[in-house]
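Data file: structure-v8.csv. Format and content: CSV, C-alpha atoms.
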```
chain,number,residue,atom,x,y,z
A,1,MET,CA,-7.9,-0.2,-15.6
A,2,ILE,CA,-5.4,1.8,-13.7
A,3,ALA,CA,-4.8,5.5,-14.1
A,4,ALA,CA,-7.3,5.6,-17.0
A,5,VAL,CA,-7.3,9.4,-17.1
A,6,ASN,CA,-4.4,10.4,-19.3
A,7,PRO,CA,-3.0,13.9,-19.4
A,8,PRO,CA,-3.4,15.8,-22.7
A,9,ALA,CA,-0.5,16.0,-25.1
A,10,ARG,CA,1.1,19.2,-23.9
A,11,SER,CA,1.1,22.0,-26.4
A,12,LYS,CA,3.3,25.1,-26.0
A,13,ASP,CA,0.8,27.2,-23.9
A,14,CYS,CA,-0.6,24.4,-21.8
A,15,PRO,CA,0.5,23.9,-18.1
A,16,PRO,CA,2.1,20.6,-17.1
A,17,ALA,CA,0.0,17.8,-15.9
A,18,PHE,CA,1.0,18.3,-12.3
A,19,GLU,CA,-0.5,21.8,-12.3
A,20,LEU,CA,-3.7,20.7,-13.9
A,21,GLU,CA,-4.0,18.0,-11.3
A,22,SER,CA,-3.5,20.6,-8.6
A,23,TYR,CA,-6.1,22.8,-10.3
A,24,SER,CA,-8.6,19.9,-10.4
A,25,ALA,CA,-8.3,19.7,-6.6
A,26,GLY,CA,-8.9,23.5,-6.0
A,27,GLY,CA,-5.3,24.8,-6.3
A,28,GLU,CA,-3.5,26.8,-9.0
A,29,ALA,CA,-6.4,29.3,-9.4
A,30,ARG,CA,-4.3,31.3,-11.9
A,31,LEU,CA,-4.9,28.5,-14.5
A,32,LYS,CA,-8.7,29.2,-14.7
A,33,ALA,CA,-8.5,31.4,-17.8
A,34,HIS,CA,-6.4,28.8,-19.6
A,35,VAL,CA,-8.5,25.8,-18.7
A,36,ASP,CA,-11.7,27.6,-19.6
A,37,GLY,CA,-10.3,28.3,-23.0
A,38,CYS,CA,-8.5,25.0,-23.7
A,39,ALA,CA,-10.7,22.0,-24.6
A,40,GLU,CA,-8.0,19.5,-23.9
A,41,CYS,CA,-7.0,20.8,-20.5
A,42,ALA,CA,-10.7,21.3,-19.6
A,43,ARG,CA,-11.3,17.7,-20.5
A,44,TYR,CA,-8.5,16.4,-18.4
A,45,VAL,CA,-9.5,18.5,-15.4
A,46,GLY,CA,-13.2,17.5,-15.8
A,47,GLU,CA,-12.2,13.8,-15.9
A,48,LEU,CA,-10.0,14.1,-12.8
A,49,GLN,CA,-12.8,15.8,-10.9
A,50,LYS,CA,-15.3,13.2,-11.9
A,51,GLU,CA,-13.0,10.3,-11.0
A,52,SER,CA,-12.2,11.9,-7.7
A,53,ALA,CA,-15.9,12.2,-6.8
A,54,ASP,CA,-16.5,8.6,-7.8
A,55,PHE,CA,-13.4,7.6,-5.8
A,56,LEU,CA,-14.7,9.3,-2.6
A,57,LYS,CA,-18.1,7.8,-3.1
A,58,ALA,CA,-16.6,4.3,-3.2
A,59,ARG,CA,-14.1,5.0,-0.4
A,60,PRO,CA,-15.7,7.5,2.1
A,61,ALA,CA,-13.2,9.4,4.3
A,62,ASP,CA,-14.5,7.9,7.6
A,63,LEU,CA,-14.0,4.4,6.4
A,64,PHE,CA,-10.6,5.2,4.9
A,65,LEU,CA,-9.4,6.9,8.0
A,66,GLY,CA,-10.6,3.9,10.1
A,67,GLN,CA,-8.3,1.7,8.0
A,68,VAL,CA,-5.4,4.1,8.5
A,69,ALA,CA,-6.0,4.2,12.2
A,70,ARG,CA,-5.7,0.4,12.3
A,71,ARG,CA,-2.4,0.6,10.6
A,72,ARG,CA,1.1,1.5,11.9
A,73,PRO,CA,3.4,3.1,9.3
A,74,ALA,CA,5.9,0.6,8.0
A,75,GLU,CA,9.4,1.5,8.9
A,76,LYS,CA,11.8,2.3,6.1
A,77,PRO,CA,14.1,-0.5,5.4
A,78,SER,CA,17.4,0.2,7.1
A,79,LEU,CA,20.9,-1.3,6.8
A,80,LEU,CA,20.5,-2.5,10.4
A,81,ARG,CA,17.4,-4.5,9.4
A,82,TRP,CA,19.5,-6.3,6.9
A,83,LEU,CA,22.6,-6.7,9.0
A,84,VAL,CA,20.9,-8.2,12.1
A,85,PRO,CA,19.4,-11.0,10.1
A,86,ALA,CA,22.7,-11.6,8.3
A,87,PHE,CA,24.6,-11.9,11.6
A,88,GLY,CA,21.8,-14.2,13.0
A,89,LEU,CA,21.6,-16.3,9.9
A,90,VAL,CA,24.1,-19.0,11.0
A,91,ALA,CA,22.6,-19.3,14.4
A,92,ALA,CA,19.1,-19.3,13.0
A,93,ALA,CA,20.0,-22.1,10.6
A,94,LEU,CA,21.3,-24.2,13.4
A,95,VAL,CA,18.2,-23.6,15.5
A,96,ALA,CA,15.9,-24.2,12.5
A,97,VAL,CA,17.3,-27.7,12.0
A,98,VAL,CA,16.2,-28.6,15.6
A,99,VAL,CA,12.8,-26.8,15.3
A,100,PHE,CA,11.9,-28.3,11.9
A,101,LYS,CA,12.6,-31.7,13.2
A,102,GLN,CA,10.3,-31.1,16.1
A,103,GLN,CA,7.5,-29.4,14.2
A,104,ALA,CA,7.9,-29.1,10.5
A,105,THR,CA,4.5,-27.8,9.7
A,106,PRO,CA,2.2,-25.4,11.6
A,107,GLU,CA,-0.8,-26.7,13.4
A,108,LEU,CA,-3.7,-25.4,11.5
A,109,THR,CA,-7.4,-25.4,12.3
A,110,MET,CA,-10.6,-23.8,10.9
A,111,LYS,CA,-13.7,-22.4,12.4
A,112,GLY,CA,-12.1,-21.4,15.6
A,113,ALA,CA,-12.7,-24.9,16.9
A,114,ASP,CA,-10.1,-24.6,19.5
A,115,GLY,CA,-8.9,-21.4,21.1
A,116,PHE,CA,-9.9,-18.7,18.7
A,117,ARG,CA,-13.4,-17.1,18.6
A,118,VAL,CA,-14.7,-14.2,16.6
A,119,LEU,CA,-17.5,-12.3,18.3
A,120,VAL,CA,-19.9,-10.2,16.2
A,121,LYS,CA,-22.3,-7.4,17.1
A,122,HIS,CA,-24.5,-6.7,14.1
A,123,GLY,CA,-25.5,-3.1,13.5
A,124,GLU,CA,-26.7,-1.4,16.7
A,125,SER,CA,-27.2,-4.7,18.4
A,126,ARG,CA,-25.7,-5.0,21.9
A,127,GLU,CA,-25.6,-8.8,21.8
A,128,ALA,CA,-22.5,-10.4,20.6
A,129,ILE,CA,-22.7,-13.8,18.8
A,130,VAL,CA,-19.9,-16.2,18.0
A,131,ALA,CA,-19.3,-16.1,14.2
A,132,ALA,CA,-19.4,-19.5,12.6
A,133,ASN,CA,-17.3,-20.1,9.5
A,134,ASP,CA,-18.7,-18.3,6.5
A,135,ALA,CA,-21.1,-16.3,8.7
A,136,VAL,CA,-22.5,-13.2,6.9
A,137,VAL,CA,-21.3,-9.9,8.2
A,138,ARG,CA,-21.9,-6.4,7.0
A,139,ALA,CA,-20.0,-3.1,6.9
A,140,GLY,CA,-20.5,-1.4,10.2
A,141,ASP,CA,-20.6,-4.7,12.2
A,142,ARG,CA,-18.3,-4.7,15.2
A,143,LEU,CA,-16.0,-7.6,15.9
A,144,ARG,CA,-14.1,-8.7,19.0
A,145,PHE,CA,-11.8,-11.7,19.4
A,146,SER,CA,-11.1,-14.2,22.1
A,147,PHE,CA,-8.2,-16.6,22.3
A,148,THR,CA,-7.4,-19.2,24.8
A,149,PRO,CA,-3.7,-20.0,24.4
A,150,PRO,CA,-2.5,-23.6,25.0
A,151,ALA,CA,0.5,-22.2,26.9
A,152,ASP,CA,2.1,-18.9,27.7
A,153,GLY,CA,3.3,-17.5,24.5
A,154,TYR,CA,2.8,-14.8,21.8
A,155,LEU,CA,-0.2,-14.0,19.7
A,156,ALA,CA,-1.2,-12.0,16.6
A,157,VAL,CA,-4.6,-11.7,15.0
A,158,LEU,CA,-4.6,-10.6,11.4
A,159,ASN,CA,-7.4,-9.8,8.9
A,160,LEU,CA,-7.2,-10.5,5.2
A,161,ASP,CA,-10.0,-8.9,3.3
A,162,GLY,CA,-11.3,-9.5,-0.3
A,163,SER,CA,-9.1,-6.8,-1.7
A,164,GLU,CA,-6.0,-8.6,-0.3
A,165,GLN,CA,-5.5,-5.9,2.3
A,166,VAL,CA,-4.0,-7.2,5.5
A,167,SER,CA,-4.7,-5.5,8.8
A,168,VAL,CA,-3.3,-6.4,12.2
A,169,PHE,CA,-6.2,-6.5,14.8
A,170,PHE,CA,-4.1,-7.8,17.7
A,171,PRO,CA,-1.9,-6.2,18.9
A,172,GLU,CA,-3.7,-3.4,17.1
A,173,GLY,CA,-1.5,-2.2,14.2
A,174,GLY,CA,1.4,-4.0,15.7
A,175,THR,CA,4.5,-5.4,14.0
A,176,ARG,CA,5.4,-8.0,16.6
A,177,SER,CA,3.3,-10.6,18.3
A,178,ALA,CA,2.0,-9.7,21.8
A,179,PRO,CA,2.5,-11.9,24.9
A,180,VAL,CA,-0.5,-13.9,26.2
A,181,LYS,CA,-0.9,-16.0,29.3
A,182,ARG,CA,-2.5,-19.4,29.4
A,183,ASP,CA,-4.5,-18.4,32.5
A,184,GLY,CA,-5.2,-14.8,31.2
A,185,ALA,CA,-8.6,-13.4,30.2
A,186,PRO,CA,-9.4,-14.8,26.7
A,187,LEU,CA,-11.2,-11.7,25.4
A,188,LEU,CA,-8.6,-9.6,23.5
A,189,GLU,CA,-8.4,-5.8,23.7
A,190,GLY,CA,-9.9,-3.7,20.9
A,191,THR,CA,-13.0,-3.6,18.8
A,192,VAL,CA,-13.0,-3.6,15.0
A,193,THR,CA,-15.7,-2.0,12.9
A,194,LEU,CA,-15.9,-3.6,9.5
A,195,ASP,CA,-15.5,-1.5,6.4
A,196,ASP,CA,-17.2,-2.0,3.0
A,197,ALA,CA,-14.3,-3.9,1.4
A,198,PRO,CA,-16.0,-6.6,-0.7
A,199,GLY,CA,-15.5,-10.4,-0.6
A,200,PRO,CA,-14.5,-12.8,2.1
A,201,GLU,CA,-12.8,-11.6,5.3
A,202,TRP,CA,-10.3,-14.0,6.9
A,203,MET,CA,-9.5,-13.6,10.6
A,204,ILE,CA,-6.3,-15.5,11.4
A,205,ALA,CA,-4.9,-16.1,14.9
A,206,VAL,CA,-1.2,-17.0,15.0
A,207,PHE,CA,0.2,-18.3,18.3
A,208,ARG,CA,3.7,-19.4,19.1
A,209,THR,CA,5.6,-19.9,22.3
A,210,GLU,CA,8.3,-17.6,20.9
A,211,PRO,CA,7.7,-14.0,19.7
A,212,PHE,CA,7.5,-13.5,15.9
A,213,ASP,CA,7.4,-10.8,13.3
A,214,ILE,CA,3.9,-10.1,12.1
A,215,GLN,CA,5.0,-8.5,8.8
A,216,TRP,CA,6.4,-11.9,7.7
A,217,ILE,CA,3.0,-13.4,8.2
A,218,ALA,CA,1.2,-10.5,6.5
A,219,ASP,CA,3.4,-10.8,3.4
A,220,GLN,CA,2.4,-14.4,3.0
A,221,LEU,CA,-1.3,-13.7,3.4
A,222,ARG,CA,-1.7,-11.2,0.5
A,223,GLY,CA,-3.1,-12.8,-2.6
A,224,GLN,CA,-4.8,-15.7,-0.7
A,225,SER,CA,-8.2,-14.2,0.1
A,226,LYS,CA,-10.1,-16.0,-2.7
A,227,ARG,CA,-8.6,-19.4,-1.9
A,228,GLY,CA,-10.5,-22.1,0.0
A,229,SER,CA,-7.9,-22.2,2.7
A,230,ILE,CA,-5.0,-20.1,3.7
A,231,GLY,CA,-1.4,-21.5,3.6
A,232,LEU,CA,1.2,-20.1,6.0
A,233,ASP,CA,4.8,-21.1,6.4
A,234,CYS,CA,5.3,-20.5,10.2
A,235,PRO,CA,7.2,-23.3,11.9
A,236,GLY,CA,6.2,-23.9,15.5
A,237,CYS,CA,3.0,-21.9,15.1
A,238,ARG,CA,-0.5,-22.8,16.0
A,239,ILE,CA,-2.8,-21.2,13.4
A,240,GLU,CA,-6.6,-20.8,13.7
A,241,MET,CA,-8.8,-19.0,11.3
A,242,VAL,CA,-12.3,-18.0,10.7
A,243,ARG,CA,-13.7,-16.8,7.4
A,244,VAL,CA,-16.8,-14.6,7.3
A,245,GLN,CA,-18.6,-13.4,4.2
A,246,LYS,CA,-19.5,-9.7,3.5
A,247,GLY,CA,-23.2,-9.3,2.8
A,248,SER,CA,-25.0,-6.3,1.4
A,249,PRO,CA,-25.6,-3.4,3.8
B,1,MET,CA,-1.8,15.7,12.4
B,2,ASP,CA,-5.4,15.5,13.7
B,3,ASN,CA,-8.2,13.6,12.0
B,4,ALA,CA,-10.0,16.7,10.7
B,5,GLN,CA,-6.9,17.8,8.9
B,6,LEU,CA,-6.3,14.3,7.6
B,7,GLN,CA,-9.9,14.1,6.3
B,8,LYS,CA,-9.6,17.4,4.5
B,9,LEU,CA,-6.4,16.3,2.8
B,10,TYR,CA,-7.9,12.9,1.9
B,11,GLU,CA,-11.1,14.4,0.4
B,12,ARG,CA,-9.1,16.9,-1.6
B,13,TYR,CA,-6.2,14.8,-2.8
B,14,GLY,CA,-6.9,11.2,-1.9
B,15,TYR,CA,-7.8,10.3,-5.5
B,16,LEU,CA,-4.9,12.0,-7.0
B,17,VAL,CA,-2.4,10.3,-4.6
B,18,HIS,CA,-4.0,6.9,-5.3
B,19,ARG,CA,-3.8,7.6,-9.0
B,20,ARG,CA,-0.1,8.5,-8.7
B,21,CYS,CA,0.6,5.3,-6.7
B,22,ALA,CA,-1.3,3.2,-9.3
B,23,ALA,CA,0.8,4.8,-12.0
B,24,LEU,CA,4.0,3.7,-10.2
B,25,LEU,CA,2.9,0.3,-9.0
B,26,LYS,CA,0.5,-0.7,-11.8
B,27,SER,CA,-1.7,-2.5,-9.2
B,28,ARG,CA,-4.8,-1.2,-7.7
B,29,THR,CA,-4.4,-3.3,-4.6
B,30,ASP,CA,-0.9,-2.1,-4.0
B,31,ALA,CA,-2.0,1.4,-4.7
B,32,ASP,CA,-4.7,1.0,-1.9
B,33,ASP,CA,-1.9,-0.2,0.4
B,34,ALA,CA,0.4,2.7,-0.5
B,35,LEU,CA,-2.4,5.3,-0.1
B,36,GLN,CA,-3.0,4.1,3.4
B,37,GLU,CA,0.7,4.1,4.1
B,38,VAL,CA,0.9,7.7,2.9
B,39,PHE,CA,-1.8,8.9,5.3
B,40,ALA,CA,-0.4,6.8,8.1
B,41,ARG,CA,2.9,8.6,7.7
B,42,ILE,CA,1.3,12.0,7.5
B,43,GLN,CA,-0.7,11.2,10.7
B,44,ARG,CA,2.5,10.1,12.4
B,45,TYR,CA,5.0,12.7,11.3
B,46,GLY,CA,2.8,15.7,10.3
B,47,ARG,CA,3.7,18.4,7.8
B,48,GLY,CA,7.3,19.6,7.4
B,49,ALA,CA,7.9,23.3,8.0
B,50,ASN,CA,9.0,24.0,4.5
B,51,GLU,CA,6.1,22.3,2.7
B,52,THR,CA,4.3,24.9,0.7
B,53,ASN,CA,2.5,22.8,-1.9
B,54,ASP,CA,0.3,20.1,-0.5
B,55,LEU,CA,0.0,18.1,-3.7
B,56,ALA,CA,3.8,18.1,-4.3
B,57,TRP,CA,4.4,17.1,-0.7
B,58,LEU,CA,1.8,14.2,-0.9
B,59,TYR,CA,3.2,13.0,-4.3
B,60,ARG,CA,6.7,12.9,-2.8
B,61,ILE,CA,5.5,10.8,0.2
B,62,ALA,CA,3.6,8.6,-2.2
B,63,ALA,CA,6.6,8.0,-4.3
B,64,ASN,CA,8.6,7.0,-1.2
B,65,CYS,CA,5.8,4.7,0.0
B,66,CYS,CA,5.6,3.1,-3.5
B,67,PHE,CA,9.3,2.4,-3.7
B,68,ASP,CA,9.4,1.1,-0.1
B,69,LEU,CA,6.5,-1.2,-1.0
B,70,MET,CA,8.3,-2.5,-4.1
B,71,LYS,CA,11.4,-3.1,-1.9
B,72,SER,CA,9.4,-4.8,0.9
B,73,LYS,CA,7.8,-7.2,-1.6
B,74,GLY,CA,11.4,-8.2,-2.4
B,75,ARG,CA,11.2,-11.4,-4.3
B,76,GLU,CA,8.0,-10.4,-6.1
B,77,ARG,CA,8.5,-8.8,-9.4
B,78,PRO,CA,6.9,-5.3,-9.8
B,79,ALA,CA,3.6,-5.6,-11.6
B,80,SER,CA,4.9,-3.2,-14.3
B,81,ASP,CA,7.4,-5.8,-15.4
B,82,ALA,CA,4.5,-7.5,-17.1
B,83,LYS,CA,4.5,-4.7,-19.7
B,84,LEU,CA,8.2,-5.4,-20.4
B,85,GLU,CA,7.4,-9.0,-21.2
B,86,LYS,CA,5.3,-7.7,-24.1
B,87,ALA,CA,8.0,-5.4,-25.3
B,88,GLN,CA,8.1,-5.3,-29.1
B,89,GLY,CA,9.3,-2.7,-31.6
B,90,SER,CA,10.4,0.8,-30.6
B,91,PRO,CA,9.2,2.0,-27.3
B,92,THR,CA,7.0,5.1,-27.0
B,93,ASP,CA,6.5,7.7,-24.3
B,94,ALA,CA,3.4,5.7,-23.2
B,95,ASP,CA,5.7,2.6,-22.8
B,96,ARG,CA,8.0,4.6,-20.7
B,97,ARG,CA,5.2,5.7,-18.5
B,98,ALA,CA,3.8,2.2,-18.3
B,99,VAL,CA,7.1,0.8,-16.9
B,100,LEU,CA,8.1,3.9,-15.0
B,101,GLY,CA,7.9,2.3,-11.5
B,102,ALA,CA,10.0,-0.8,-12.6
B,103,VAL,CA,12.7,1.4,-14.1
B,104,LEU,CA,12.8,4.0,-11.3
B,105,ALA,CA,13.0,1.3,-8.7
B,106,GLN,CA,16.5,0.5,-10.0
B,107,LEU,CA,17.7,4.1,-9.8
B,108,ASP,CA,18.8,6.5,-7.1
B,109,ASP,CA,16.5,9.0,-5.3
B,110,GLU,CA,17.5,12.0,-7.3
B,111,THR,CA,17.0,10.3,-10.7
B,112,ARG,CA,13.6,9.1,-9.4
B,113,GLU,CA,12.6,12.6,-8.5
B,114,ILE,CA,13.6,13.9,-11.9
B,115,GLY,CA,12.0,11.0,-13.8
B,116,ILE,CA,8.7,11.4,-12.0
B,117,ALA,CA,8.6,15.1,-12.5
B,118,HIS,CA,9.3,14.7,-16.2
B,119,TYR,CA,7.3,11.6,-17.1
B,120,LEU,CA,4.3,11.9,-14.7
B,121,GLY,CA,4.3,15.5,-13.7
B,122,GLY,CA,4.6,16.6,-17.4
B,123,PHE,CA,7.3,19.1,-16.8
B,124,THR,CA,9.9,19.9,-19.4
B,125,GLN,CA,13.5,19.5,-18.6
B,126,GLU,CA,13.9,23.2,-18.1
B,127,GLU,CA,11.0,23.2,-15.7
B,128,VAL,CA,12.3,20.2,-13.8
B,129,ALA,CA,15.6,22.0,-13.4
B,130,GLU,CA,13.8,25.1,-12.1
B,131,ARG,CA,11.7,23.1,-9.6
B,132,THR,CA,14.4,20.8,-8.3
B,133,GLY,CA,17.3,23.1,-8.3
B,134,PHE,CA,19.4,20.7,-10.3
B,135,SER,CA,21.3,22.1,-13.3
B,136,ARG,CA,19.9,21.6,-16.8
B,137,LYS,CA,22.9,19.4,-17.5
B,138,THR,CA,22.2,17.2,-14.5
B,139,ILE,CA,18.6,16.8,-15.5
B,140,GLY,CA,19.7,15.7,-19.0
B,141,ARG,CA,22.2,13.3,-17.5
B,142,ARG,CA,19.7,11.8,-15.1
B,143,LEU,CA,17.1,11.4,-17.8
B,144,GLY,CA,19.8,9.7,-19.9
B,145,LEU,CA,20.4,7.3,-17.0
B,146,PHE,CA,16.6,6.6,-16.9
B,147,GLU,CA,16.7,6.0,-20.7
B,148,GLU,CA,19.6,3.6,-20.4
B,149,THR,CA,18.0,1.6,-17.7
B,150,PHE,CA,14.7,1.6,-19.6
B,151,THR,CA,16.4,0.5,-22.9
B,152,ARG,CA,18.3,-2.2,-21.1
B,153,LEU,CA,15.1,-3.7,-19.6
B,154,TRP,CA,13.3,-3.2,-22.9
B,155,THR,CA,16.0,-4.9,-25.0
B,156,ALA,CA,16.4,-7.8,-22.5
B,157,ALA,CA,12.6,-8.3,-22.7
B,158,GLN,CA,12.7,-8.3,-26.5
B,159,GLY,CA,15.6,-10.8,-26.4
B,160,ALA,CA,13.6,-13.0,-24.0
B,161,MET,CA,10.6,-12.9,-26.4
B,162,SER,CA,12.6,-13.9,-29.5
```
In structure tokens, what does this structure look like?
Amino acid sequence: MIAAVNPPARSKDCPPAFELESYSAGGEARLKAHVDGCAECARYVGELQKESADFLKARPADLFLGQVARRRPAEKPSLLRWLVPAFGLVAAALVAVVVFKQQATPELTMKGADGFRVLVKHGESREAIVAANDAVVRAGDRLRFSFTPPADGYLAVLNLDGSEQVSVFFPEGGTRSAPVKRDGAPLLEGTVTLDDAPGPEWMIAVFRTEPFDIQWIADQLRGQSKRGSIGLDCPGCRIEMVRVQKGSP
Amino acid sequence: MDNAQLQKLYERYGYLVHRRCAALLKSRTDADDALQEVFARIQRYGRGANETNDLAWLYRIAANCCFDLMKSKGRERPASDAKLEKAQGSPTDADRRAVLGAVLAQLDDETREIGIAHYLGGFTQEEVAERTGFSRKTIGRRLGLFEETFTRLWTAAQGAMS
């Protein structure tokens, strides 16, 4: 149920819902006398405070801020973002005919069998192990990734968690794929600490010889976490993925 | 904005902002996404010099994030459209609140601000006029526009059901 706490029907002397919400979070001290004497307003404020406490218990600040840190704010849609694709549409259509003929579907593998590896350090352990598909991980475990590209190209590593939240692990919080060299070091920059989001966690490596927009991939991923396999429409891409399962702490 | 300030804001207002996002988006998952986006924007841009009320400021950013999210989802229908599909009989204020996001997504920024203050903030039209600086006449006209859009969607949904 969403937004289950409903504001009281506002009688003549009652403050608006916004002010009661502010009061519930420690503001609008002038409302104290009214709330203390009004059963309906007191009920609303009490429910908000209880819900807030439960919310923070389920989503502690340190975990939430970790999620925010892994994220880059989405840019507001601008006219330019619509115009550029529009002008490029004809050229893209022509190119697409050629590309689709060459490689109509992405190359897709599971378990990191080829170039993609997920390395896990459990708890305080200093030893990293390669995660097999459906390996059990826990909140607090640290992950790193390695990828051996088949050629010079561009890479993105995304995470889809059980609540359909998509995070970009490489390049961290990025919106465009990052260049990788065939003869470069396979271990990717950045360490990820798992949060307590329930359900499966998909780690998806997307490689292409041309740069690509990560948001387009992320939009396709949402809603697929509970499926047995992930489907992505990404012509010319090599896609490898590892699924791990979140265990109890 | 540093992490300590961000944490303080989250612990104090995180639930309320999430609740506001859920009221607009009608999806807990999307509300999670929007809440993160709100705090990512705060971290990036900080607080404006003229912001005097933290909750009003956060609610405004939240509304922007929610409408951006609806827009970025593009071809996906807002979750609140589902309510319209069950539209029957005369709509109530609860119905209006239930499809608020879907209706406001089709309106301009000023009408959104007024609609949110009135239907979610619980302010009367006079109070909305006082808070926003718009004339009482403008408030009435904008809420009329909201009502027209709502009625159009509601009627279309009823027609589709019959």
| task | Give me the residues within 10 Å of segment 55-58 of chain B as a PyMOL selection string, counting all atoms listed in the file and dropping any in the same chain fewer than 4 places off. | result | (chain A and resi 18-19+21-22+25+27) or (chain B and resi 9+12-14+16-17+20+35+38-39+42+47-48+50-51+62-64+117+121)
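Across the structure, atom CA of Leu63 of chain A and atom CA of Asp195 of chain A are spaced 6.1 Å apart.
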| Counting all atoms listed in the file, the residue of A:Glu28, A:Glu172, A:Asp219, A:Asp213 that sits nearest Val157 of chain A | A:Glu172
| task | Tell me which protein, DNA and RNA residues are within 8 Å of segment 105-116 of chain B, counting all atoms listed in the file, leaving out same-chain ones fewer than 6 positions away, and put them as a list of chain:residue names. | result |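 Contacts, with the query itself left out: B:Phe67, B:Met70, B:Val128, B:Thr132, B:Ile139, B:Arg142, B:Leu143, B:Leu145, B:Phe146, B:Thr149.
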| field | For Ala4 of chain B: contacts at 12 Å, only C-alpha atoms, fewer than 3 positions along chain excluded, given as a list of chain:residue names | value |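 Returned residues: A:Ala61, A:Asp62, A:Leu65, B:Met1, B:Gln7, B:Lys8, B:Leu9, B:Tyr10, B:Glu11, B:Gln43.
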| request: Within 6 Å of chain A, which residues of chain B are there when counting all atoms listed in the file? Please give them as a PyMOL selection string. | output: chain B and resi 12+15+19+36-37+40-41+121-123
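Of note, atom CA of Val45 of chain A and atom CA of Asn3 of chain B are spaced 27.9 Å apart.
Put simply, atom CA of Arg44 of chain B is 29.8 Å away from atom CA of His118 of chain B.
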| Which one is closest to Val180 of chain A: A:Cys234, A:Ala128, A:Leu155, A:Ala218? Count all atoms listed in the file. |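 Selected residue with least distance to Val180 of chain A: A:Leu155.
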| task | Would you mind listing what lies within 9 Å of Leu188 of chain A as a PyMOL selection string, with all atoms listed in the file counted and same-chain residues fewer than 4 positions away left out? | result | chain A and resi 144-147+170-171
